[in-house]
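Asker: Before I ask anything, let me first share the structure, which is written out below as structure tokens.
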Amino acid sequence: MPRFSANLGFLWVELPLPEAIRAAHRAGFDAVECHWPYAFAVEGVAAALRETGLKMLGLNTRRGQVGENGLSALVGRGPEARAAIDEALDYGANIGALNVHVMAGVARGPQAEAQFLENLEYAARKAAEVGLGILIEPLNHFDAPGYFLHSTTQAAKLIATLGSGRVKLMFDCYHIQILEGDLTRKLSNLLPIIGHIQFASVPMRGTPDEGEIDYAHIFKHIDTLAYKAPLGAEYRPQGATEQSLVWLNKFTK
């Protein structure tokens with residue numbers, strides 16, 4: 001039976017992050033994750049996690065300026081990118097998070113790849129000091145046009161080049177279905193480098209009981225792979241989050 005993490009970048013967005021954590025616990029989620037928690041004091045978030053017993057699976061580095069969607073592949077922006085990595089790792093370590101997603105940004109070409117690798121090497125080294133993991137995530141060209149990381153092949157090559165077991169793939173079924181499809185085989189083949197799995201319906205990025213992906217099959221397949229970590233519900237609810245949670249009972253019974 002799958003376990004699920006509430007992505008609080010999309011769910012309960014009307015609540016302050018500590019209250020959203022409590023709401024996720026009441027709804028029956030097994031863990032939480034977020035995008036950019038930096039507006040909220042570490043102490044309040046850490047207290048909510050302790051109170052509920054939920055783990056924060058991950059958070060993102062900052063996106064930079066409007067339209068940049070991350071900093072770590074932007075040529076000449078190394079100091080800013082490393083400052084964002086430091087900030088995310090410090091915040092994550094203080095709330096007991098498991099991972100930091102290092103956002104690449106809008107960029108192309110070999111210089112961008114070299115810059116991304118340099119910043120990922122830095123992130124892996126710093127993450128080892130505080131016991132966190134580093135995630136990288138391909139994003140689709142409709143939601144994130146021009147994003148540097150745009151395929152699982154590219155991500156796998158970068159991870160192999162780095163040679164660090166601390167840097168892994170965030171496999172978002174929503175993005176990968178749009179980019180590549182063939183989710184069942186890709187999950188099987190990429191399992192050794194997957195650090196987190198997320199999901200939402202395609203094409204609307206809604207709940208997993210609608211759209212073109214058969215998540216009953218996908219969740220069952222993930223279970224056969226002996227992947228036991230909570231799966232990240234990163235979908236956009238239509239209306240109140242609580243009203244969107246019919247799927248949760250459907251896939252946990």
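Here, A, B, ... name the chains of the structure tokens in the order displayed, residue numbers run from 1 inside each chain, and ligands are numbered from 1 in the same displayed order.
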Give me, as number ranges by chain, all polymer residues having an atom no more than 10 Å from stretch 89-96 of chain A, counting only C-alpha atoms and skipping those fewer than 4 positions away in the same chain.

Answerer: A: 37-38, 41-50, 55-61, 83-85, 100-101, 123, 126-127, 129-134

Asker: Write the residues you've just listed into a file as a JSON list (two decimals), in the first residue's frame, and include N, CA and C atoms for each of them.

Answerer:
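Output (result29.json):
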```json
[["chain", "number", "residue", "atom", "x", "y", "z"],
["A", 37, "PRO", "N", 9.95, 27.71, 1.79],
["A", 37, "PRO", "CA", 9.42, 27.95, 3.13],
["A", 37, "PRO", "C", 9.98, 29.18, 3.82],
["A", 38, "TYR", "N", 10.79, 29.97, 3.12],
["A", 38, "TYR", "CA", 11.67, 30.93, 3.78],
["A", 38, "TYR", "C", 10.94, 32.10, 4.45],
["A", 41, "ALA", "N", 9.32, 31.27, 9.98],
["A", 41, "ALA", "CA", 10.41, 31.03, 10.92],
["A", 41, "ALA", "C", 10.66, 29.53, 11.08],
["A", 42, "VAL", "N", 11.93, 29.19, 11.10],
["A", 42, "VAL", "CA", 12.33, 27.79, 11.27],
["A", 42, "VAL", "C", 11.70, 27.19, 12.51],
["A", 43, "GLU", "N", 11.68, 27.96, 13.60],
["A", 43, "GLU", "CA", 11.20, 27.42, 14.89],
["A", 43, "GLU", "C", 9.74, 26.95, 14.79],
["A", 44, "GLY", "N", 8.90, 27.72, 14.12],
["A", 44, "GLY", "CA", 7.49, 27.36, 14.00],
["A", 44, "GLY", "C", 7.28, 26.13, 13.14],
["A", 45, "VAL", "N", 8.04, 26.04, 12.05],
["A", 45, "VAL", "CA", 7.93, 24.87, 11.17],
["A", 45, "VAL", "C", 8.45, 23.62, 11.88],
["A", 46, "ALA", "N", 9.60, 23.75, 12.54],
["A", 46, "ALA", "CA", 10.15, 22.61, 13.26],
["A", 46, "ALA", "C", 9.21, 22.14, 14.36],
["A", 47, "ALA", "N", 8.56, 23.08, 15.04],
["A", 47, "ALA", "CA", 7.62, 22.71, 16.10],
["A", 47, "ALA", "C", 6.44, 21.94, 15.55],
["A", 48, "ALA", "N", 5.91, 22.38, 14.40],
["A", 48, "ALA", "CA", 4.77, 21.68, 13.80],
["A", 48, "ALA", "C", 5.15, 20.28, 13.36],
["A", 49, "LEU", "N", 6.37, 20.12, 12.85],
["A", 49, "LEU", "CA", 6.83, 18.79, 12.44],
["A", 49, "LEU", "C", 7.00, 17.88, 13.65],
["A", 50, "ARG", "N", 7.55, 18.41, 14.73],
["A", 50, "ARG", "CA", 7.70, 17.60, 15.95],
["A", 50, "ARG", "C", 6.33, 17.21, 16.50],
["A", 55, "LYS", "N", 7.72, 13.98, 8.69],
["A", 55, "LYS", "CA", 9.02, 14.39, 8.16],
["A", 55, "LYS", "C", 8.79, 15.34, 6.98],
["A", 56, "MET", "N", 9.67, 16.34, 6.88],
["A", 56, "MET", "CA", 9.69, 17.20, 5.71],
["A", 56, "MET", "C", 10.64, 16.55, 4.70],
["A", 57, "LEU", "N", 10.08, 16.05, 3.60],
["A", 57, "LEU", "CA", 10.89, 15.29, 2.66],
["A", 57, "LEU", "C", 11.80, 16.18, 1.83],
["A", 58, "GLY", "N", 11.39, 17.43, 1.59],
["A", 58, "GLY", "CA", 12.24, 18.28, 0.78],
["A", 58, "GLY", "C", 11.73, 19.69, 0.65],
["A", 59, "LEU", "N", 12.63, 20.58, 0.24],
["A", 59, "LEU", "CA", 12.32, 21.97, -0.05],
["A", 59, "LEU", "C", 13.21, 22.40, -1.21],
["A", 60, "ASN", "N", 12.88, 23.52, -1.84],
["A", 60, "ASN", "CA", 13.59, 23.99, -3.02],
["A", 60, "ASN", "C", 14.55, 25.13, -2.69],
["A", 61, "THR", "N", 15.60, 25.24, -3.50],
["A", 61, "THR", "CA", 16.38, 26.47, -3.49],
["A", 61, "THR", "C", 15.55, 27.58, -4.14],
["A", 83, "ALA", "N", 24.82, 30.71, -2.49],
["A", 83, "ALA", "CA", 24.15, 31.30, -1.33],
["A", 83, "ALA", "C", 22.76, 30.70, -1.17],
["A", 84, "ALA", "N", 22.06, 30.46, -2.28],
["A", 84, "ALA", "CA", 20.73, 29.85, -2.21],
["A", 84, "ALA", "C", 20.81, 28.41, -1.72],
["A", 85, "ILE", "N", 21.85, 27.70, -2.15],
["A", 85, "ILE", "CA", 22.06, 26.32, -1.68],
["A", 85, "ILE", "C", 22.34, 26.33, -0.18],
["A", 100, "VAL", "N", 17.15, 18.65, -0.34],
["A", 100, "VAL", "CA", 17.01, 19.96, -0.97],
["A", 100, "VAL", "C", 17.00, 19.76, -2.48],
["A", 101, "HIS", "N", 16.00, 20.32, -3.13],
["A", 101, "HIS", "CA", 15.93, 20.32, -4.59],
["A", 101, "HIS", "C", 16.66, 21.55, -5.10],
["A", 123, "ALA", "N", 26.91, 21.69, -3.73],
["A", 123, "ALA", "CA", 25.74, 21.30, -2.94],
["A", 123, "ALA", "C", 25.93, 19.93, -2.29],
["A", 126, "LYS", "N", 28.38, 20.25, 0.67],
["A", 126, "LYS", "CA", 27.76, 20.91, 1.82],
["A", 126, "LYS", "C", 26.65, 20.06, 2.43],
["A", 127, "ALA", "N", 25.90, 19.36, 1.59],
["A", 127, "ALA", "CA", 24.81, 18.50, 2.09],
["A", 127, "ALA", "C", 25.36, 17.37, 2.94],
["A", 129, "GLU", "N", 27.78, 17.50, 4.91],
["A", 129, "GLU", "CA", 28.13, 18.04, 6.24],
["A", 129, "GLU", "C", 26.94, 18.06, 7.18],
["A", 130, "VAL", "N", 25.72, 18.16, 6.63],
["A", 130, "VAL", "CA", 24.53, 18.25, 7.48],
["A", 130, "VAL", "C", 23.59, 17.05, 7.30],
["A", 131, "GLY", "N", 24.00, 16.07, 6.51],
["A", 131, "GLY", "CA", 23.24, 14.83, 6.39],
["A", 131, "GLY", "C", 21.99, 14.91, 5.53],
["A", 132, "LEU", "N", 21.95, 15.84, 4.58],
["A", 132, "LEU", "CA", 20.81, 15.95, 3.67],
["A", 132, "LEU", "C", 21.18, 15.38, 2.30],
["A", 133, "GLY", "N", 20.15, 15.09, 1.50],
["A", 133, "GLY", "CA", 20.34, 14.69, 0.12],
["A", 133, "GLY", "C", 20.08, 15.86, -0.81],
["A", 134, "ILE", "N", 20.55, 15.75, -2.05],
["A", 134, "ILE", "CA", 20.32, 16.74, -3.08],
["A", 134, "ILE", "C", 19.50, 16.10, -4.20]]
```

Asker: Using only C-alpha atoms, find each residue in stretch 154-250 of chain A having at least one atom no more than 8 Å away from stretch 114-121 of chain A; report its shortest atom-to-atom pair and that distance in Å (one decimal), rows by chain then rising number, as a tab-separated table.

Answerer:
```
residue	atom	partner	partner_atom	distance
A:Leu158	CA	A:Leu117	CA	7.2
A:Leu162	CA	A:Glu121	CA	6.9
A:Val167	CA	A:Leu120	CA	7.9
```

Asker: For the residues in that selection, give me N, CA and C atoms as a PDB file, in the first residue's frame.

Answerer:
```
ATOM      1  N   LEU A 158      24.110  13.661 -15.755  1.00  0.00           N
ATOM      2  CA  LEU A 158      24.689  14.577 -14.774  1.00  0.00           C
ATOM      3  C   LEU A 158      25.003  13.852 -13.469  1.00  0.00           C
ATOM      4  N   LEU A 162      28.718  13.360 -11.785  1.00  0.00           N
ATOM      5  CA  LEU A 162      29.036  13.792 -10.429  1.00  0.00           C
ATOM      6  C   LEU A 162      29.607  12.653  -9.594  1.00  0.00           C
ATOM      7  N   VAL A 167      23.474  12.930  -4.692  1.00  0.00           N
ATOM      8  CA  VAL A 167      22.662  13.645  -5.684  1.00  0.00           C
ATOM      9  C   VAL A 167      21.797  12.639  -6.421  1.00  0.00           C
TER      10      VAL A 167
END
```

Asker: Taking the DSSP assignment computed from this structure's backbone, write out as an MDAnalysis selection string all residues of stretch 10-59 of chain A that belong to alpha helix (DSSP H).

Answerer: chainID A and resid 17:27 42:52

Asker: Put those residues in a file: C-alpha atoms, as an mmCIF file, in the first residue's frame.

Answerer:
```
data_model
loop_
_atom_site.group_PDB
_atom_site.id
_atom_site.type_symbol
_atom_site.label_atom_id
_atom_site.label_comp_id
_atom_site.auth_asym_id
_atom_site.auth_seq_id
_atom_site.Cartn_x
_atom_site.Cartn_y
_atom_site.Cartn_z
ATOM 1 C CA LEU A 17 3.237 26.608 6.647
ATOM 2 C CA PRO A 18 3.077 25.333 10.267
ATOM 3 C CA GLU A 19 -0.729 25.164 10.069
ATOM 4 C CA ALA A 20 -0.573 23.491 6.661
ATOM 5 C CA ILE A 21 1.644 20.797 8.209
ATOM 6 C CA ARG A 22 -0.964 20.229 10.891
ATOM 7 C CA ALA A 23 -3.739 20.102 8.276
ATOM 8 C CA ALA A 24 -1.816 17.464 6.309
ATOM 9 C CA HIS A 25 -1.434 15.393 9.460
ATOM 10 C CA ARG A 26 -5.161 15.591 10.185
ATOM 11 C CA ALA A 27 -5.925 14.509 6.621
ATOM 12 C CA VAL A 42 12.333 27.794 11.266
ATOM 13 C CA GLU A 43 11.198 27.421 14.886
ATOM 14 C CA GLY A 44 7.490 27.356 14.003
ATOM 15 C CA VAL A 45 7.926 24.871 11.167
ATOM 16 C CA ALA A 46 10.153 22.614 13.262
ATOM 17 C CA ALA A 47 7.625 22.713 16.103
ATOM 18 C CA ALA A 48 4.767 21.678 13.801
ATOM 19 C CA LEU A 49 6.829 18.793 12.443
ATOM 20 C CA ARG A 50 7.697 17.598 15.950
ATOM 21 C CA GLU A 51 4.096 17.909 17.091
ATOM 22 C CA THR A 52 2.704 15.900 14.170
#
```

Asker: Looking at only C-alpha atoms, which of A:Pro2, A:Pro110, A:Gly64, A:Gly181 is the one that sits closest to A:Ile197?

Answerer: A:Pro2

Asker: Residues of stretch 118-202 of chain A classed as strand (DSSP E or B) by DSSP on the backbone are to be reported as a PyMOL selection string.

Answerer: chain A and resi 133-136+147+167-172+194-199

Asker: Which residues of stretch 147-193 of chain A have any atom within 9 Å of an atom in stretch 198-209 of chain A when counting only C-alpha atoms, and what is the closest pair of atoms for each, with the distance in Å to one decimal? Order the rows by chain and rising number and write it as a Markdown table.

Answerer:
```
| residue | atom | partner | partner_atom | distance |
| --- | --- | --- | --- | --- |
| A:Met170 | CA | A:Gln198 | CA | 7.5 |
| A:Phe171 | CA | A:Gln198 | CA | 6.3 |
| A:Asp172 | CA | A:Gln198 | CA | 4.4 |
| A:Cys173 | CA | A:Phe199 | CA | 5.0 |
| A:Tyr174 | CA | A:Ala200 | CA | 5.3 |
| A:His175 | CA | A:Phe199 | CA | 8.5 |
| A:Gln177 | CA | A:Val202 | CA | 7.5 |
| A:Ile178 | CA | A:Val202 | CA | 7.6 |
```

Asker: Would you output that residue set with N, CA and C atoms, as a short mmCIF file (atom, residue, chain, number, x, y, z; two decimals), in the first residue's frame?

Answerer:
```cif
data_model
loop_
_atom_site.label_atom_id
_atom_site.label_comp_id
_atom_site.auth_asym_id
_atom_site.auth_seq_id
_atom_site.Cartn_x
_atom_site.Cartn_y
_atom_site.Cartn_z
N MET A 170 14.70 13.60 -8.78
CA MET A 170 13.31 13.75 -8.37
C MET A 170 12.47 13.38 -9.61
N PHE A 171 11.78 12.26 -9.51
CA PHE A 171 10.99 11.73 -10.63
C PHE A 171 9.55 12.16 -10.44
N ASP A 172 9.17 13.24 -11.13
CA ASP A 172 7.80 13.73 -11.06
C ASP A 172 7.03 13.12 -12.23
N CYS A 173 6.11 12.21 -11.93
CA CYS A 173 5.36 11.51 -12.98
C CYS A 173 4.64 12.48 -13.91
N TYR A 174 4.16 13.59 -13.37
CA TYR A 174 3.49 14.60 -14.18
C TYR A 174 4.44 15.14 -15.25
N HIS A 175 5.59 15.62 -14.84
CA HIS A 175 6.55 16.18 -15.79
C HIS A 175 7.06 15.13 -16.77
N GLN A 177 5.72 12.28 -17.76
CA GLN A 177 4.71 11.85 -18.72
C GLN A 177 4.62 12.82 -19.89
N ILE A 178 4.66 14.11 -19.60
CA ILE A 178 4.59 15.12 -20.66
C ILE A 178 5.87 15.11 -21.50
#
```

Asker: What is the distance between atom CA of A:Gly105 and atom CA of A:Ile193, in Å to one decimal?

Answerer: 21.4 Å

Asker: For a quick check of understanding, using only C-alpha atoms, which of A:Ala124, A:Ile176, A:Met103, A:Leu98 has the smallest distance to A:His196?

Answerer: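 Among A:Ala124, A:Ile176, A:Met103, A:Leu98, it is A:Leu98 that comes nearest to A:His196.
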
Asker: Which residue is closest to A:Leu8? Choose from A:Gly109, A:Gly163, A:Pro237, A:Gly78 and count only C-alpha atoms.

Answerer: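 Using only C-alpha atoms, the shortest distance to A:Leu8 belongs to A:Pro237.
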
Asker: Excluding A:His150 and residues on its chain fewer than 5 positions from it, collect all residues at most 7 Å away from it, counting only C-alpha atoms, and give them as a VMD selection string.

Answerer: chain A and resid 138 to 140

Asker: Identify which of the residues A:Asn249, A:Gln243, A:Ser188, A:Ser72 lies closest to A:Ala226, counting only C-alpha atoms when measuring atom-to-atom distances.

Answerer: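 Counting only C-alpha atoms, the residue closest to A:Ala226 is A:Ser188.
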
Asker: For each of A:Ala112, A:Glu210, A:Thr224, A:Ala31, take the minimum atom-to-atom distance to A:Trp247, counting only C-alpha atoms, then give the residue where this is smallest.

Answerer: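 Smallest distance to A:Trp247 is found for A:Glu210.
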
Asker: Work out how far apart atom CA of A:Pro230 and atom CA of A:His35 are and give it in Å to one decimal.

Answerer: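 One can read the atom CA of A:Pro230 to atom CA of A:His35 distance as 16.7 Å.
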
Asker: Which value, in Å to one decimal, gives the distance between atom CA of A:Arg108 and atom CA of A:Tyr147?

Answerer: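 Computing it gives 8.0 Å between the two atoms.
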
Asker: A:Phe29, A:Gln65, A:Ile159, A:Val102: which is nearest A:Leu11, counting only C-alpha atoms?

Answerer: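 For A:Leu11, the nearest of the candidates is A:Phe29.
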